[in-house]
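*Asks:* Structure file target12.txt (compact mmCIF, C-alpha atoms) is given on the next line.
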```txt
# COMPACT_ATOMS: atom_id res chain seq x y z
CA MET A 29 0.00 0.00 0.00
CA LEU A 30 1.04 3.55 -0.64
CA ASN A 31 1.97 5.69 2.34
CA VAL A 32 -0.46 8.64 2.19
CA ASP A 33 1.62 10.86 4.47
CA ILE A 34 4.69 10.33 2.28
CA LEU A 35 2.60 10.98 -0.83
CA ILE A 36 1.50 14.34 0.58
CA ASP A 37 5.04 15.28 1.63
CA ASN A 38 6.39 14.26 -1.76
CA PHE A 39 3.65 16.22 -3.53
CA PHE A 40 4.66 19.50 -1.92
CA GLY A 41 8.34 18.70 -2.36
CA ILE A 42 8.06 17.98 -6.07
CA LEU A 43 5.59 20.82 -6.61
CA THR A 44 8.41 23.33 -5.99
CA VAL A 45 10.15 22.37 -9.25
CA VAL A 46 7.04 22.32 -11.45
CA PRO A 47 7.23 26.04 -12.38
CA GLN A 48 10.88 25.83 -13.45
CA THR A 49 10.19 22.60 -15.35
CA VAL A 50 7.31 24.21 -17.26
CA ALA A 51 9.37 27.36 -17.89
CA LEU A 52 12.19 25.22 -19.27
CA ALA A 53 9.74 23.32 -21.49
CA VAL A 54 8.21 26.55 -22.81
CA THR A 55 11.66 27.95 -23.62
CA ILE A 56 12.70 24.80 -25.47
CA PHE A 57 9.35 24.58 -27.25
CA LEU A 58 9.49 28.17 -28.54
CA LEU A 59 13.10 27.81 -29.66
CA SER A 60 12.28 24.57 -31.46
CA ILE A 61 9.45 26.30 -33.34
CA LEU A 62 11.75 29.16 -34.40
CA VAL A 63 14.49 26.83 -35.60
CA GLY A 64 11.96 24.44 -37.14
CA THR A 65 10.29 27.29 -39.03
CA ALA A 66 13.66 28.41 -40.41
CA MET A 67 14.37 24.84 -41.56
CA ALA A 68 10.92 24.54 -43.15
CA LEU A 69 11.29 27.83 -45.03
CA VAL A 70 14.73 26.86 -46.32
CA GLN A 71 13.26 23.63 -47.70
CA GLU A 72 10.07 25.24 -48.98
CA TYR A 73 11.93 27.92 -50.96
CA ASN A 74 14.68 25.51 -52.10
CA VAL A 75 17.55 27.67 -50.88
CA PRO A 76 20.70 26.31 -52.58
CA VAL A 77 23.26 24.59 -50.33
CA LEU A 78 21.29 25.46 -47.18
CA LYS A 79 18.55 23.02 -48.18
CA GLN A 80 21.06 20.16 -48.36
CA VAL A 81 22.63 21.22 -45.05
CA VAL A 82 19.21 21.32 -43.37
CA MET A 83 18.28 17.89 -44.71
CA LEU A 84 21.52 16.34 -43.41
CA PHE A 85 21.13 18.15 -40.08
CA LYS A 86 17.55 16.86 -39.68
CA LEU A 87 18.58 13.34 -40.60
CA PHE A 88 21.35 13.38 -37.99
CA LEU A 89 19.13 14.77 -35.24
CA ARG A 90 16.19 12.49 -35.95
CA GLY A 91 18.43 9.43 -36.09
CA THR A 92 20.46 10.17 -32.95
CA PRO A 93 18.99 9.19 -29.54
CA LEU A 94 18.35 12.32 -27.52
CA ILE A 95 20.41 11.14 -24.55
CA VAL A 96 23.39 10.61 -26.88
CA PHE A 97 23.00 14.10 -28.34
CA ILE A 98 22.71 15.62 -24.87
CA PHE A 99 26.07 14.12 -23.92
CA ILE A 100 27.60 15.22 -27.23
CA MET A 101 26.51 18.78 -26.45
CA TYR A 102 27.57 18.47 -22.80
CA TYR A 103 31.16 17.65 -23.74
CA SER A 104 31.51 19.64 -26.97
CA LEU A 105 29.36 22.78 -26.77
CA PRO A 106 31.67 24.68 -24.36
CA SER A 107 34.64 24.00 -26.65
CA ILE A 108 32.69 25.09 -29.72
CA ILE A 109 31.65 28.34 -28.05
CA SER A 110 35.19 28.83 -26.76
CA PHE A 111 36.50 28.64 -30.33
CA PHE A 112 34.18 31.44 -31.45
CA THR A 113 34.72 33.61 -28.37
CA ASN A 114 38.50 33.41 -28.88
CA TRP A 115 38.10 34.16 -32.58
CA LEU A 116 35.95 37.22 -31.79
CA ASN A 117 38.15 38.25 -28.82
CA LEU A 118 35.25 38.04 -26.38
CA ASP A 119 35.87 37.82 -22.65
CA TYR A 120 33.71 34.80 -21.80
CA ASN A 121 34.50 31.42 -20.32
CA PRO A 122 32.00 28.89 -21.75
CA HIS A 123 33.40 26.09 -19.60
CA ASN A 124 31.38 27.56 -16.73
CA MET A 125 28.21 27.18 -18.78
CA SER A 126 25.16 25.97 -16.88
CA PRO A 127 23.96 22.44 -17.73
CA VAL A 128 20.51 24.01 -18.17
CA VAL A 129 21.76 25.94 -21.19
CA ILE A 130 23.27 22.78 -22.68
CA LEU A 131 19.99 20.92 -22.15
CA ILE A 132 18.04 23.75 -23.81
CA VAL A 133 20.32 23.69 -26.86
CA ALA A 134 20.31 19.89 -27.20
CA VAL A 135 16.57 19.36 -26.81
CA SER A 136 15.63 22.45 -28.86
CA LEU A 137 17.71 21.31 -31.82
CA THR A 138 16.41 17.74 -31.64
CA VAL A 139 12.75 18.74 -31.37
CA SER A 140 13.16 21.38 -34.11
CA SER A 141 14.04 18.63 -36.59
CA PHE A 142 10.56 17.18 -36.03
CA GLN A 143 8.86 20.58 -35.79
CA ALA A 144 10.24 21.44 -39.22
CA GLU A 145 8.23 18.62 -40.80
CA THR A 146 5.08 19.64 -38.93
CA ILE A 147 5.46 23.28 -39.99
CA ARG A 148 6.31 22.41 -43.58
CA GLY A 149 3.30 20.10 -43.80
CA SER A 150 1.02 22.81 -42.42
CA PHE A 151 2.32 25.29 -45.02
CA LEU A 152 1.64 22.78 -47.80
CA SER A 153 -1.92 22.29 -46.53
CA VAL A 154 -2.81 25.81 -47.69
CA SER A 155 -4.04 25.59 -51.29
CA TYR A 156 -2.03 27.41 -53.92
CA GLY A 157 -5.25 28.93 -55.26
CA GLN A 158 -5.59 31.05 -52.12
CA ILE A 159 -2.06 32.35 -52.53
CA GLU A 160 -2.78 33.23 -56.17
CA ALA A 161 -5.95 35.01 -55.11
CA ALA A 162 -4.00 37.03 -52.55
CA ARG A 163 -1.49 38.06 -55.22
CA SER A 164 -4.31 39.14 -57.55
CA LEU A 165 -5.61 41.37 -54.75
CA GLY A 166 -2.23 43.10 -54.51
CA TYR A 167 -0.87 41.30 -51.42
CA THR A 168 2.89 41.27 -51.10
CA PRO A 169 4.49 37.84 -50.42
CA PHE A 170 4.95 38.84 -46.77
CA GLN A 171 1.31 39.98 -46.44
CA ALA A 172 0.09 36.74 -48.03
CA PHE A 173 2.29 34.73 -45.68
CA LYS A 174 1.09 36.65 -42.62
CA ARG A 175 -2.63 36.94 -43.41
CA ILE A 176 -3.41 33.92 -45.56
CA ILE A 177 -0.86 31.16 -45.02
CA THR A 178 0.03 31.50 -41.32
CA PRO A 179 -3.51 31.51 -39.81
CA GLN A 180 -4.54 28.39 -41.75
CA ALA A 181 -1.22 26.63 -41.25
CA LEU A 182 -1.41 27.27 -37.51
CA VAL A 183 -4.79 25.52 -37.31
CA GLU A 184 -3.28 22.47 -39.02
CA ALA A 185 -0.13 22.47 -36.87
CA LEU A 186 -1.66 23.25 -33.46
CA PRO A 187 -2.53 19.64 -32.43
CA GLU A 188 1.01 18.57 -33.32
CA PHE A 189 2.42 21.52 -31.40
CA GLY A 190 0.50 20.41 -28.32
CA SER A 191 1.93 16.92 -28.64
CA ALA A 192 5.41 18.34 -29.20
CA PHE A 193 5.19 20.35 -25.97
CA LEU A 194 4.36 17.20 -24.03
CA VAL A 195 7.28 15.41 -25.69
CA VAL A 196 9.53 18.27 -24.56
CA MET A 197 8.21 18.01 -20.99
CA LYS A 198 9.17 14.35 -20.88
CA ALA A 199 12.46 14.82 -22.74
CA ILE A 200 13.62 17.29 -20.10
CA SER A 201 13.74 14.41 -17.61
CA LEU A 202 16.92 13.24 -19.38
CA GLY A 203 18.57 16.39 -18.04
CA PHE A 204 19.02 14.55 -14.76
CA MET A 205 21.99 12.84 -16.44
CA ILE A 206 23.77 16.22 -16.59
CA THR A 207 22.54 17.43 -13.16
CA VAL A 208 19.52 19.44 -14.33
CA VAL A 209 16.73 19.11 -11.76
CA ASP A 210 13.15 18.86 -13.05
CA ILE A 211 10.05 16.96 -11.85
CA PHE A 212 11.59 13.54 -12.47
CA ALA A 213 14.97 14.48 -11.00
CA GLU A 214 13.37 15.92 -7.87
CA ALA A 215 11.33 12.74 -7.47
CA ARG A 216 14.50 10.67 -7.68
CA LEU A 217 16.27 12.85 -5.14
CA ILE A 218 13.36 12.73 -2.69
CA ALA A 219 12.99 8.96 -3.12
CA ALA A 220 16.70 8.46 -2.51
CA SER A 221 16.43 10.43 0.73
CA ASN A 222 13.46 8.55 2.20
CA SER A 223 13.49 5.23 0.25
CA TYR A 224 9.80 5.60 -0.75
CA TYR A 225 10.36 5.23 -4.48
CA VAL A 226 6.85 4.26 -5.58
CA GLU A 227 5.27 7.22 -3.79
CA ALA A 228 7.76 9.67 -5.31
CA PHE A 229 7.27 8.42 -8.85
CA VAL A 230 3.48 8.25 -8.50
CA VAL A 231 3.49 11.92 -7.51
CA ALA A 232 5.83 12.75 -10.43
CA ALA A 233 3.47 10.91 -12.82
CA LEU A 234 0.52 12.90 -11.45
CA MET A 235 2.43 16.14 -11.98
CA TYR A 236 3.12 15.24 -15.61
CA TRP A 237 -0.49 14.18 -16.08
CA GLY A 238 -1.74 17.49 -14.67
CA VAL A 239 0.44 19.51 -17.04
CA ALA A 240 -0.60 17.31 -19.97
CA ALA A 241 -4.31 17.72 -19.17
CA LEU A 242 -3.91 21.50 -19.00
CA VAL A 243 -1.99 21.65 -22.28
CA VAL A 244 -4.56 19.49 -24.11
CA LYS A 245 -7.39 21.65 -22.74
CA LEU A 246 -5.75 24.94 -23.73
CA THR A 247 -4.72 23.62 -27.15
CA GLY A 248 -8.27 22.49 -27.87
CA LYS A 249 -9.75 25.84 -26.86
CA TYR A 250 -7.21 27.81 -28.92
CA GLU A 251 -7.76 25.55 -31.93
CA SER A 252 -11.50 26.17 -31.74
CA TYR A 253 -10.85 29.90 -31.54
CA LEU A 254 -8.60 29.83 -34.60
CA VAL A 255 -11.09 27.75 -36.61
CA SER A 256 -13.83 30.26 -35.84
CA ARG A 257 -11.68 33.06 -37.23
CA THR A 258 -10.47 31.35 -40.42
```
Will you turn the file into structure tokens for me?

*Replies:*
Amino acid sequence: MLNVDILIDNFFGILTVVPQTVALAVTIFLLSILVGTAMALVQEYNVPVLKQVVMLFKLFLRGTPLIVFIFIMYYSLPSIISFFTNWLNLDYNPHNMSPVVILIVAVSLTVSSFQAETIRGSFLSVSYGQIEAARSLGYTPFQAFKRIITPQALVEALPEFGSAFLVVMKAISLGFMITVVDIFAEARLIAASNSYYVEAFVVAALMYWGVAALVVKLTGKYESYLVSRT
């Protein structure tokens, strides 16, 4: 049987790291969308050389286990940044870089490789006839992209974005391997201190479930709002 008193204690202990876990997930999610959009646009407009680079980059990221890529970044990112800071004569020591930053970079890049396909697919879902109609009305390419393509593409991509955010939430738990403390890491630390492992992980699972339920609810409401306006 589960120890109710321990469950309650663990709940309040793990609850303290929920805000920073969600903030970390939001940061990674937004960065992955920005990088994924850039990748999608490069492919969509067939930018020479860059398109081939993006395709190879996506293939590498999608084929490499996230935990492996996290460790690659953990051991190589400071040296890479050090090379550029020395080249630019900047006074910065990247070897003191926080593991949180490394986790953000690693997970953002990995998730962006999947976001790129979602975003590209949502762009392609907008019929070319609507773009032609916008041009005939005197819309510039930017105006057509902003007012015609983006609103409709966002409706198509929103369910996938919701799923991607939940993937990010769970992927962050791998940060424990490089000393980043999130919901899962805090549960492990608490369980190690009191030896009530089941209670700690049950509470962690409930925390993840609560965030997931909220994200699904908000995504559904926003999708309905966007559909009503398009």

*Asks:* Compile a residue-level contact table for range 195-238 of chain A against range 124-129 of chain A at a cut-off of 12 Å, reporting for every qualifying residue the shortest atom pair and its distance in Å to one decimal, with only C-alpha atoms counted, rows ordered by chain and ascending number, as JSON lines.

*Replies:*
```
{"residue": "A:Ile200", "atom": "CA", "partner": "A:Val128", "partner_atom": "CA", "distance": 9.8}
{"residue": "A:Ser201", "atom": "CA", "partner": "A:Val128", "partner_atom": "CA", "distance": 11.8}
{"residue": "A:Leu202", "atom": "CA", "partner": "A:Val128", "partner_atom": "CA", "distance": 11.4}
{"residue": "A:Gly203", "atom": "CA", "partner": "A:Val128", "partner_atom": "CA", "distance": 7.9}
{"residue": "A:Phe204", "atom": "CA", "partner": "A:Pro127", "partner_atom": "CA", "distance": 9.8}
{"residue": "A:Met205", "atom": "CA", "partner": "A:Pro127", "partner_atom": "CA", "distance": 9.9}
{"residue": "A:Ile206", "atom": "CA", "partner": "A:Pro127", "partner_atom": "CA", "distance": 6.3}
{"residue": "A:Thr207", "atom": "CA", "partner": "A:Pro127", "partner_atom": "CA", "distance": 6.9}
{"residue": "A:Val208", "atom": "CA", "partner": "A:Val128", "partner_atom": "CA", "distance": 6.1}
{"residue": "A:Val209", "atom": "CA", "partner": "A:Val128", "partner_atom": "CA", "distance": 8.9}
{"residue": "A:Asp210", "atom": "CA", "partner": "A:Val128", "partner_atom": "CA", "distance": 10.3}
```

*Asks:* Within 12 Å of Val50 in chain A, counting all atoms listed in the file, which residues qualify if same-chain residues fewer than 2 places away don't, as number ranges by chain?

*Replies:* A: 43-48, 52-57, 193-194, 196-198, 200-201, 210-211, 235-236, 238-240, 242-243

*Asks:* Just give me the gap between CA of Ser136 in chain A and CA of Ser191 in chain A in Å, one decimal is fine.

*Replies:* 14.8 Å

*Asks:* So for range 138-145 of chain A, what box centre and size do we get, axis-aligned, 4 Å extra on each of the six sides, every listed atom, Å to one decimal, as JSON?

*Replies:*
```
{"center_x": 12.3, "center_y": 19.3, "center_z": -36.1, "size_x": 16.2, "size_y": 12.3, "size_z": 17.4}
```

*Asks:* CA of Val75 in chain A and CA of Arg148 in chain A are how many Å apart?

*Replies:*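 Answer for the CA of Val75 in chain A to CA of Arg148 in chain A separation: 14.4 Å.
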
*Asks:* Using all atoms listed in the file, which residue out of A:Leu182, A:Ala51, A:Leu84, A:Leu116 lies closest to Glu251 in chain A?

*Replies:*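 Checking each candidate against Glu251 in chain A, we get A:Leu182 as the closest.
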
*Asks:* Please, which residues are within 12 Å of (5.3, 8.4, -11.6) by the file's coordinates, counting all atoms listed in the file, and could they come as JSON, numbers by chain?

*Replies:* {"A": [35, 38, 39, 42, 198, 201, 211, 212, 213, 214, 215, 216, 219, 225, 226, 227, 228, 229, 230, 231, 232, 233, 234, 235, 236, 237, 238]}

*Asks:* Looking at A:Thr65, A:Thr113, A:Ser155, A:Gln180, which one is nearest to Ser140 in chain A, with distances taken over all atoms listed in the file?

*Replies:*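 Checking each candidate against Ser140 in chain A, we get A:Thr65 as the closest.
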
*Asks:* To one decimal place, how far is CA of Ile100 in chain A from CA of Leu137 in chain A in Å?

*Replies:*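 Going from CA of Ile100 in chain A over to CA of Leu137 in chain A, I get 12.5 Å.
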
*Asks:* Would you please work out which residue, of A:Leu246, A:Val70, A:Ile176, A:Ile218, is nearest to Phe40 in chain A when using all atoms listed in the file?

*Replies:*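 For Phe40 in chain A, the nearest of the candidates is A:Ile218.
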
*Asks:* Nearest to Val244 in chain A among A:Ala192, A:Ala66, A:Ala172, A:Leu217, with distances taken over all atoms listed in the file: which residue is it?

*Replies:*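 Smallest separation from Val244 in chain A among the options: A:Ala192.
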
*Asks:* Measuring between only C-alpha atoms, which one of A:Ala144, A:Ile108, A:Met83, A:Val133 shows the shortest distance to Ala68 in chain A?

*Replies:*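 Checking each candidate against Ala68 in chain A, we get A:Ala144 as the closest.
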
*Asks:* For Phe88 in chain A, which of A:Val135, A:Ser141, A:Leu59, A:Asp119 is the closest residue, counting only C-alpha atoms?

*Replies:*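 Smallest separation from Phe88 in chain A among the options: A:Ser141.
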
*Asks:* Please, which residues are within 9 Å of (12.7, 14.5, -34.5) by the file's coordinates, counting all atoms listed in the file, and could they come as a list in words?

*Replies:*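 Every polymer residue passing the test: Lys86, Leu87, Leu89, Arg90, Gly91, Leu137, Thr138, Val139, Ser140, Ser141, Phe142, Gln143, Ala144 and Glu145 of chain A.
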